[in-house]
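Shown here: protein.txt, compact mmCIF, C-alpha atoms.
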```
# COMPACT_ATOMS: atom_id res chain seq x y z
CA MET A 23 -162.36 -128.16 -185.46
CA ILE A 24 -163.25 -125.85 -188.43
CA HIS A 25 -160.73 -125.49 -191.24
CA PRO A 26 -159.86 -121.85 -192.00
CA THR A 27 -160.94 -122.20 -195.64
CA ALA A 28 -164.47 -123.37 -194.70
CA VAL A 29 -167.32 -120.86 -195.02
CA ILE A 30 -169.93 -120.91 -192.26
CA GLU A 31 -172.75 -118.47 -192.94
CA PRO A 32 -174.14 -116.40 -190.05
CA GLY A 33 -177.13 -118.19 -188.54
CA ALA A 34 -175.79 -121.72 -189.03
CA ARG A 35 -175.95 -123.76 -185.82
CA ILE A 36 -172.94 -125.96 -185.14
CA GLY A 37 -172.90 -128.51 -182.31
CA HIS A 38 -170.06 -129.52 -180.01
CA GLU A 39 -166.96 -131.27 -181.39
CA VAL A 40 -168.04 -130.88 -184.99
CA ARG A 41 -165.21 -131.18 -187.53
CA ILE A 42 -165.53 -129.21 -190.76
CA GLY A 43 -162.91 -129.83 -193.43
CA PRO A 44 -161.34 -127.52 -196.01
CA HIS A 45 -163.47 -125.59 -198.49
CA CYS A 46 -166.81 -126.65 -197.02
CA TRP A 47 -169.80 -124.33 -197.26
CA VAL A 48 -172.51 -124.36 -194.58
CA GLY A 49 -175.62 -122.26 -195.23
CA GLU A 50 -177.35 -119.93 -192.80
CA ASN A 51 -180.31 -122.27 -192.16
CA VAL A 52 -178.24 -125.40 -191.51
CA GLU A 53 -177.97 -127.19 -188.16
CA ILE A 54 -175.22 -129.75 -187.49
CA GLY A 55 -175.42 -132.06 -184.48
CA ASP A 56 -172.69 -132.89 -181.99
CA GLY A 57 -169.71 -134.94 -183.13
CA THR A 58 -170.49 -134.84 -186.84
CA THR A 59 -167.60 -134.69 -189.32
CA LEU A 60 -167.57 -133.03 -192.73
CA GLY A 61 -164.82 -133.91 -195.18
CA ALA A 62 -163.43 -131.49 -197.74
CA ASN A 63 -165.71 -129.56 -200.13
CA VAL A 64 -169.00 -130.59 -198.51
CA VAL A 65 -171.94 -128.26 -199.26
CA LEU A 66 -174.86 -128.03 -196.81
CA ASP A 67 -177.59 -125.78 -198.18
CA GLY A 68 -181.22 -124.87 -197.56
CA TRP A 69 -183.13 -125.70 -194.38
CA THR A 70 -181.07 -128.76 -193.50
CA THR A 71 -180.63 -130.55 -190.19
CA ILE A 72 -177.85 -133.10 -189.66
CA GLY A 73 -178.00 -135.26 -186.54
CA SER A 74 -175.18 -136.17 -184.18
CA GLY A 75 -172.37 -138.56 -184.95
CA CYS A 76 -172.66 -138.42 -188.75
CA THR A 77 -169.74 -138.70 -191.16
CA ILE A 78 -170.12 -136.88 -194.48
CA LEU A 79 -167.23 -137.37 -196.85
CA HIS A 80 -165.82 -135.00 -199.42
CA SER A 81 -167.87 -133.31 -202.13
CA ALA A 82 -171.27 -134.41 -200.84
CA SER A 83 -174.10 -131.94 -201.49
CA ILE A 84 -177.05 -131.90 -199.09
CA GLY A 85 -180.05 -129.58 -199.09
CA ALA A 86 -179.78 -128.20 -202.63
CA PRO A 87 -183.02 -127.36 -204.48
CA PRO A 88 -184.86 -130.34 -205.97
CA GLN A 89 -184.37 -131.31 -209.61
CA ASP A 90 -188.04 -130.74 -210.33
CA LEU A 91 -189.42 -128.22 -212.83
CA LYS A 92 -192.44 -127.60 -210.58
CA PHE A 93 -190.22 -126.17 -207.85
CA ARG A 94 -190.63 -122.43 -207.37
CA GLY A 95 -188.32 -121.80 -204.45
CA GLU A 96 -190.67 -122.87 -201.65
CA LYS A 97 -189.27 -123.25 -198.14
CA SER A 98 -188.65 -126.98 -197.74
CA TYR A 99 -186.39 -129.19 -195.70
CA VAL A 100 -183.85 -132.01 -195.41
CA GLU A 101 -183.75 -133.85 -192.10
CA ILE A 102 -180.98 -136.39 -191.47
CA GLY A 103 -180.77 -138.38 -188.26
CA ARG A 104 -177.88 -139.75 -186.21
CA ASN A 105 -174.85 -141.89 -186.98
CA ASN A 106 -175.19 -141.90 -190.74
CA VAL A 107 -172.25 -142.41 -193.08
CA ILE A 108 -172.65 -140.41 -196.29
CA ARG A 109 -169.84 -141.09 -198.74
CA GLU A 110 -168.22 -139.09 -201.52
CA PHE A 111 -170.35 -137.12 -204.02
CA VAL A 112 -173.71 -138.11 -202.49
CA THR A 113 -176.53 -135.67 -203.32
CA VAL A 114 -179.63 -135.20 -201.15
CA ASN A 115 -182.20 -132.68 -202.42
CA ARG A 116 -184.71 -130.87 -200.27
CA ALA A 117 -188.45 -131.29 -200.84
CA THR A 118 -190.43 -129.76 -203.70
CA THR A 119 -193.57 -128.83 -201.78
CA ALA A 120 -193.73 -125.96 -199.31
CA GLU A 121 -192.90 -127.24 -195.81
CA GLY A 122 -192.18 -130.68 -197.31
CA VAL A 123 -189.31 -132.84 -196.05
CA THR A 124 -186.75 -135.19 -197.52
CA ARG A 125 -185.93 -137.39 -194.53
CA ILE A 126 -183.15 -139.86 -193.72
CA GLY A 127 -183.26 -141.71 -190.41
CA ASP A 128 -180.48 -143.16 -188.26
CA ASP A 129 -177.56 -145.54 -188.85
CA ASN A 130 -177.70 -145.58 -192.64
CA LEU A 131 -174.85 -146.06 -195.11
CA LEU A 132 -175.09 -144.12 -198.38
CA MET A 133 -172.14 -145.06 -200.56
CA ALA A 134 -170.48 -142.88 -203.19
CA TYR A 135 -172.61 -141.11 -205.82
CA VAL A 136 -175.97 -142.04 -204.27
CA HIS A 137 -178.74 -139.60 -205.19
CA VAL A 138 -181.72 -139.03 -202.87
CA ALA A 139 -184.37 -136.91 -204.59
CA HIS A 140 -187.08 -134.68 -203.16
CA GLU A 141 -189.53 -136.05 -200.57
CA CYS A 142 -187.74 -139.38 -200.26
CA ARG A 143 -188.00 -141.18 -196.92
CA ILE A 144 -185.16 -143.46 -195.88
CA HIS A 145 -185.81 -145.19 -192.57
CA ASP A 146 -183.09 -146.70 -190.31
CA GLY A 147 -180.25 -149.15 -190.86
CA THR A 148 -180.39 -149.17 -194.65
CA ILE A 149 -177.52 -149.63 -197.11
CA LEU A 150 -177.55 -147.87 -200.48
CA ALA A 151 -174.54 -148.98 -202.51
CA ASN A 152 -172.61 -146.90 -205.02
CA ALA A 153 -174.64 -144.92 -207.57
CA VAL A 154 -178.10 -145.92 -206.34
CA ASN A 155 -180.48 -143.28 -207.67
CA LEU A 156 -183.77 -142.65 -205.86
CA ALA A 157 -186.36 -140.63 -207.76
CA GLY A 158 -188.80 -138.39 -205.90
CA HIS A 159 -191.08 -139.70 -203.14
CA VAL A 160 -189.31 -143.07 -202.80
CA THR A 161 -189.54 -144.85 -199.43
CA VAL A 162 -186.84 -147.26 -198.22
CA GLU A 163 -187.89 -149.06 -195.05
CA ASN A 164 -185.76 -150.29 -192.12
CA PHE A 165 -182.73 -152.48 -192.88
CA ALA A 166 -183.36 -152.67 -196.62
CA SER A 167 -180.30 -152.88 -198.90
CA ILE A 168 -180.01 -151.77 -202.52
CA GLY A 169 -177.12 -152.89 -204.72
CA GLY A 170 -175.08 -150.47 -206.78
CA VAL A 171 -176.06 -148.71 -210.01
CA THR A 172 -179.77 -149.25 -209.36
CA PRO A 173 -182.40 -146.65 -210.32
CA VAL A 174 -185.64 -146.59 -208.32
CA HIS A 175 -188.80 -145.16 -209.92
CA GLN A 176 -190.63 -142.30 -208.22
CA PHE A 177 -193.18 -143.24 -205.51
CA VAL A 178 -191.79 -146.77 -205.19
CA ARG A 179 -191.58 -148.35 -201.73
CA ILE A 180 -188.93 -150.87 -200.73
CA GLY A 181 -190.02 -152.96 -197.78
CA GLU A 182 -188.09 -153.61 -194.60
CA HIS A 183 -185.29 -156.21 -194.74
CA ALA A 184 -185.53 -156.46 -198.53
CA PHE A 185 -182.35 -156.94 -200.55
CA ILE A 186 -182.00 -155.70 -204.13
CA GLY A 187 -179.15 -156.98 -206.29
CA GLY A 188 -176.92 -154.47 -208.05
CA GLY A 189 -177.63 -153.27 -211.57
CA SER A 190 -181.38 -153.76 -211.18
CA ARG A 191 -184.17 -151.37 -212.12
CA ILE A 192 -187.06 -150.95 -209.70
CA PRO A 193 -190.36 -149.78 -211.26
CA LYS A 194 -192.73 -151.22 -208.62
CA ASP A 195 -192.84 -151.85 -204.89
CA ILE A 196 -190.58 -154.51 -203.34
CA PRO A 197 -192.36 -156.39 -200.51
CA PRO A 198 -190.65 -156.73 -197.13
CA TYR A 199 -188.16 -159.56 -196.58
CA LEU A 200 -187.79 -160.18 -200.32
CA LEU A 201 -184.65 -160.89 -202.33
CA ALA A 202 -184.87 -159.51 -205.87
CA ALA A 203 -182.51 -158.73 -208.74
CA GLY A 204 -182.20 -158.34 -212.49
CA ASN A 205 -183.40 -156.07 -215.25
CA PRO A 206 -186.29 -156.61 -215.55
CA ILE A 207 -186.25 -157.22 -211.83
CA ARG A 208 -187.49 -160.60 -210.57
CA PRO A 209 -188.18 -162.03 -207.11
CA ALA A 210 -185.62 -164.63 -206.01
CA GLY A 211 -186.81 -165.85 -202.62
CA ILE A 212 -186.60 -164.25 -199.21
CA ASN A 213 -183.56 -162.42 -197.88
CA THR A 214 -182.39 -165.38 -195.80
CA VAL A 215 -178.88 -164.09 -195.12
CA GLY A 216 -180.06 -160.65 -194.06
CA LEU A 217 -182.84 -162.02 -191.89
CA THR A 218 -180.43 -164.40 -190.15
CA ARG A 219 -178.01 -161.57 -189.47
CA ARG A 220 -180.82 -159.48 -188.01
CA GLY A 221 -181.79 -162.26 -185.58
CA PHE A 222 -184.90 -163.75 -187.22
CA ASP A 223 -185.18 -167.33 -186.00
CA ALA A 224 -185.54 -170.40 -188.20
CA SER A 225 -189.29 -170.75 -187.65
CA THR A 226 -189.92 -167.16 -188.75
CA ARG A 227 -187.74 -167.58 -191.83
CA SER A 228 -189.57 -170.80 -192.69
CA LEU A 229 -192.92 -169.04 -192.38
CA LEU A 230 -191.75 -166.24 -194.68
CA GLN A 231 -190.61 -168.88 -197.18
CA LYS A 232 -194.16 -170.26 -197.17
CA ALA A 233 -195.52 -166.77 -197.71
CA TYR A 234 -193.15 -166.28 -200.64
CA ARG A 235 -194.32 -169.52 -202.26
CA ILE A 236 -197.95 -168.42 -201.92
CA LEU A 237 -197.19 -165.03 -203.50
CA TYR A 238 -194.89 -166.11 -206.31
CA ARG A 239 -195.12 -169.87 -206.86
CA SER A 240 -198.79 -170.79 -206.40
CA LYS A 241 -200.14 -169.25 -209.65
CA ARG A 242 -202.59 -167.15 -207.65
CA ASN A 243 -203.20 -163.51 -208.52
CA VAL A 244 -202.40 -160.91 -205.87
CA SER A 245 -205.90 -160.82 -204.38
CA GLN A 246 -206.05 -164.60 -204.14
CA ALA A 247 -202.55 -164.72 -202.64
CA LEU A 248 -203.52 -162.18 -199.97
CA GLU A 249 -206.54 -164.27 -199.03
CA ALA A 250 -204.32 -167.33 -198.75
CA LEU A 251 -201.78 -165.51 -196.61
CA GLU A 252 -204.54 -164.53 -194.21
CA SER A 253 -206.27 -167.91 -194.11
CA GLU A 254 -203.36 -170.36 -194.33
CA LEU A 255 -200.61 -168.74 -192.25
CA PRO A 256 -200.51 -167.67 -188.60
CA ALA A 257 -200.91 -163.94 -188.02
CA THR A 258 -197.36 -163.24 -186.86
CA PRO A 259 -196.08 -159.65 -186.92
CA GLU A 260 -194.03 -160.46 -190.03
CA ILE A 261 -196.95 -161.92 -191.98
CA GLU A 262 -199.23 -159.07 -190.94
CA ARG A 263 -196.56 -156.56 -192.02
CA LEU A 264 -196.27 -158.26 -195.41
CA ILE A 265 -200.03 -158.25 -195.94
CA ARG A 266 -200.38 -154.57 -194.95
CA PHE A 267 -197.57 -153.59 -197.29
CA ILE A 268 -199.12 -155.33 -200.29
CA ARG A 269 -202.63 -154.07 -199.58
CA SER A 270 -201.40 -150.48 -199.34
CA SER A 271 -199.28 -150.61 -202.49
CA GLU A 272 -200.26 -147.97 -205.04
CA ARG A 273 -197.79 -148.92 -207.77
CA GLY A 274 -198.25 -152.67 -207.34
CA ILE A 275 -195.56 -155.14 -206.31
CA ILE A 276 -192.96 -156.77 -208.53
```

Before anything else, please render the file you have as structure tokens.
Amino acid sequence: MIHPTAVIEPGARIGHEVRIGPHCWVGENVEIGDGTTLGANVVLDGWTTIGSGCTILHSASIGAPPQDLKFRGEKSYVEIGRNNVIREFVTVNRATTAEGVTRIGDDNLLMAYVHVAHECRIHDGTILANAVNLAGHVTVENFASIGGVTPVHQFVRIGEHAFIGGGSRIPKDIPPYLLAAGNPIRPAGINTVGLTRRGFDASTRSLLQKAYRILYRSKRNVSQALEALESELPATPEIERLIRFIRSSERGII
């Protein structure tokens, strides 16, 4: 299962039925879960944990030091969950702060040339298309999708089930369930197609449409829109999630 040209440093922990392709390098503090496959020329460095059932294609680099001038060699981590597909030339940097973590959850697809910077948090079921670039401390919540060639500003949050069109630039938070695109980026309704695919029923989608109109079509400011969301709409889990996200936003929403 391990190609003879691969280098596995003493101390690395390799699970059952792991496949490691030619010219890979696996560092001494790396752990690879059962059934994971590494293509050719993959580099796993630092204190990195890869979960079971992942596929990492050729020339990906995971666990390298962060691209941050403040970094002074502190012990920091990358933690990647199960069943992720990480395509060619993806880079995932470990955290800047001592004992900090760059974390990717389960069942994500990171297409070619994606960059995940230090202290990013990618939840579950997300899709990051080719050449998406996440700056430090970015959060991508469950089932969000980001189109290709899109840079995301540091500390930005992208809410669950949001969809970002390709070629956008994201300087502020994207609320959950939103469809947005362009440069400068603009809201364009709710992510109807994605919500339907994920099993949201028609009544829930209709309610989120009403919430969108309050936020972006009613000429209210954000504080007024939040009050209207709370007073005019039923307190479903989706509406409550939307309100919590906006209230906790530090960068502001688009």

When you draw a straight line from CA of Thr113 in chain A to CA of Thr77 in chain A, how long is it in Å?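 Calculated distance between CA of Thr113 in chain A and CA of Thr77 in chain A is 14.3 Å.
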
Do you know which residues lie at most 8 Å from (-188.0, -157.5, -197.9), with coordinates as in the file and all atoms listed in the file counted, and could you write them as an MDAnalysis selection string? chainID A and resid 166 180:185 196:201 212:213

Quick check, in Å to one decimal: how far apart do CA of Leu131 in chain A and CA of Val114 in chain A lie?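 Interatomic distance here is 13.3 Å.
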
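Considering the residues A:Val112, A:Ala203, A:Val100, A:Leu237 and counting all atoms listed in the file, Arg125 in chain A has its shortest atom-to-atom contact with A:Val100.
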
Looking at A:Ile276, A:Ile236, A:Ile126, A:Val29, which one is nearest to Arg208 in chain A, with distances taken over only C-alpha atoms?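 Using only C-alpha atoms, the shortest distance to Arg208 in chain A belongs to A:Ile276.
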
Check the smallest atom-to-atom distance from each of A:Gln176, A:Ser245, A:Ser83, A:Thr118 to Gly158 in chain A using only C-alpha atoms, then report the winner.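 Of all the options, A:Gln176 lies closest to Gly158 in chain A.
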
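For range 59-67 of chain A, the residues within 6 Å (counting all atoms listed in the file, excluding itself and residues fewer than 3 positions away along the chain) are Val40, Arg41, Ile42, Gly43, Pro44, His45, Cys46, Trp47, Val48, Gly49, Thr77, Ile78, Leu79, His80, Ser81, Ala82, Ser83, Ile84, Gly85 and Ala86 of chain A.
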
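Of the residues under consideration (A:Ser228, A:Ser270, A:Ser167, A:Thr161), A:Thr161 shows the shortest atom-to-atom contact distance to Arg179 in chain A when counting only C-alpha atoms.
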
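Note that CA of Pro173 in chain A and CA of Glu101 in chain A are 22.3 Å apart.
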
Which residue, A:Gly274, A:Gly127, A:Pro209, A:Gly68, has the smallest gap to Ala34 in chain A when you use only C-alpha atoms?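 Answer, going by the shortest atom-to-atom distance: A:Gly68.
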
Distance query Thr124 in chain A at most 10 Å, all atoms listed in the file, self and fewer than 5 positions along chain excluded, as a ChimeraX atom specification: /A:70,85,88,98-102,114-118,138-144,158-160

Protein, DNA and RNA residues within 7 Å of (-177.0, -146.0, -207.1), all atoms listed in the file, as number ranges by chain: A: 135-137, 150-155, 170-173

Shortest interatomic distance to Lys194 in chain A - which of A:Ile268, A:Leu132, A:Val215, A:Ala247, counting all atoms listed in the file: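 Distance minimum relative to Lys194 in chain A lands on A:Ile268.
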
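When the distance limit is 10 Å and all atoms listed in the file are what count, the residues near range 248-257 of chain A, minus those fewer than 6 positions from it on the same chain, are Leu229, Leu230, Lys232, Ala233, Tyr234, Ile236, Leu237, Arg242, Arg263, Leu264, Ile265, Arg266, Ile268 and Arg269 of chain A.
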
I'd like the contact shell of Cys76 in chain A - 10 Å cut-off, all atoms listed in the file, skipping same-chain residues fewer than 5 positions apart - returned as number ranges by chain. A: 40, 54-60, 102-108, 128-130

Generate N, CA and C atoms for range 116-138 of chain A and emit them as a compact mmCIF listing (two decimals), in the coordinates of the input.
```txt
# COMPACT_ATOMS: atom_id res chain seq x y z
N ARG A 116 -183.59 -131.17 -201.15
CA ARG A 116 -184.71 -130.87 -200.27
C ARG A 116 -186.03 -131.05 -201.03
N ALA A 117 -187.13 -130.97 -200.29
CA ALA A 117 -188.45 -131.29 -200.84
C ALA A 117 -188.89 -130.24 -201.85
N THR A 118 -189.84 -130.65 -202.71
CA THR A 118 -190.43 -129.76 -203.70
C THR A 118 -191.54 -128.91 -203.10
N THR A 119 -192.39 -129.52 -202.29
CA THR A 119 -193.57 -128.83 -201.78
C THR A 119 -193.21 -127.94 -200.60
N ALA A 120 -193.94 -126.85 -200.45
CA ALA A 120 -193.73 -125.96 -199.31
C ALA A 120 -193.90 -126.73 -198.00
N GLU A 121 -192.94 -126.58 -197.11
CA GLU A 121 -192.90 -127.24 -195.81
C GLU A 121 -192.71 -128.75 -195.92
N GLY A 122 -192.45 -129.26 -197.13
CA GLY A 122 -192.18 -130.68 -197.31
C GLY A 122 -190.79 -131.05 -196.81
N VAL A 123 -190.56 -132.36 -196.63
CA VAL A 123 -189.31 -132.84 -196.05
C VAL A 123 -188.78 -134.02 -196.85
N THR A 124 -187.50 -134.00 -197.13
CA THR A 124 -186.75 -135.19 -197.52
C THR A 124 -186.08 -135.69 -196.25
N ARG A 125 -186.32 -136.94 -195.87
CA ARG A 125 -185.93 -137.39 -194.53
C ARG A 125 -185.11 -138.68 -194.61
N ILE A 126 -184.00 -138.68 -193.88
CA ILE A 126 -183.15 -139.86 -193.72
C ILE A 126 -183.04 -140.12 -192.23
N GLY A 127 -183.24 -141.37 -191.82
CA GLY A 127 -183.26 -141.71 -190.41
C GLY A 127 -181.89 -141.88 -189.81
N ASP A 128 -181.71 -142.92 -189.01
CA ASP A 128 -180.48 -143.16 -188.26
C ASP A 128 -179.73 -144.38 -188.80
N ASP A 129 -178.40 -144.35 -188.64
CA ASP A 129 -177.56 -145.54 -188.85
C ASP A 129 -177.61 -146.07 -190.28
N ASN A 130 -177.69 -145.18 -191.24
CA ASN A 130 -177.70 -145.58 -192.64
C ASN A 130 -176.32 -145.40 -193.26
N LEU A 131 -176.06 -146.19 -194.31
CA LEU A 131 -174.85 -146.06 -195.11
C LEU A 131 -175.25 -145.73 -196.54
N LEU A 132 -174.89 -144.54 -196.99
CA LEU A 132 -175.09 -144.12 -198.38
C LEU A 132 -173.71 -144.06 -199.03
N MET A 133 -173.45 -144.99 -199.94
CA MET A 133 -172.14 -145.06 -200.56
C MET A 133 -172.00 -144.00 -201.65
N ALA A 134 -170.83 -143.96 -202.28
CA ALA A 134 -170.48 -142.88 -203.19
C ALA A 134 -171.50 -142.73 -204.33
N TYR A 135 -171.79 -141.49 -204.68
CA TYR A 135 -172.61 -141.11 -205.82
C TYR A 135 -174.09 -141.48 -205.67
N VAL A 136 -174.54 -141.82 -204.49
CA VAL A 136 -175.97 -142.04 -204.27
C VAL A 136 -176.70 -140.70 -204.46
N HIS A 137 -177.89 -140.78 -205.07
CA HIS A 137 -178.74 -139.60 -205.19
C HIS A 137 -180.07 -139.87 -204.48
N VAL A 138 -180.44 -138.96 -203.59
CA VAL A 138 -181.72 -139.03 -202.87
C VAL A 138 -182.53 -137.81 -203.29
```
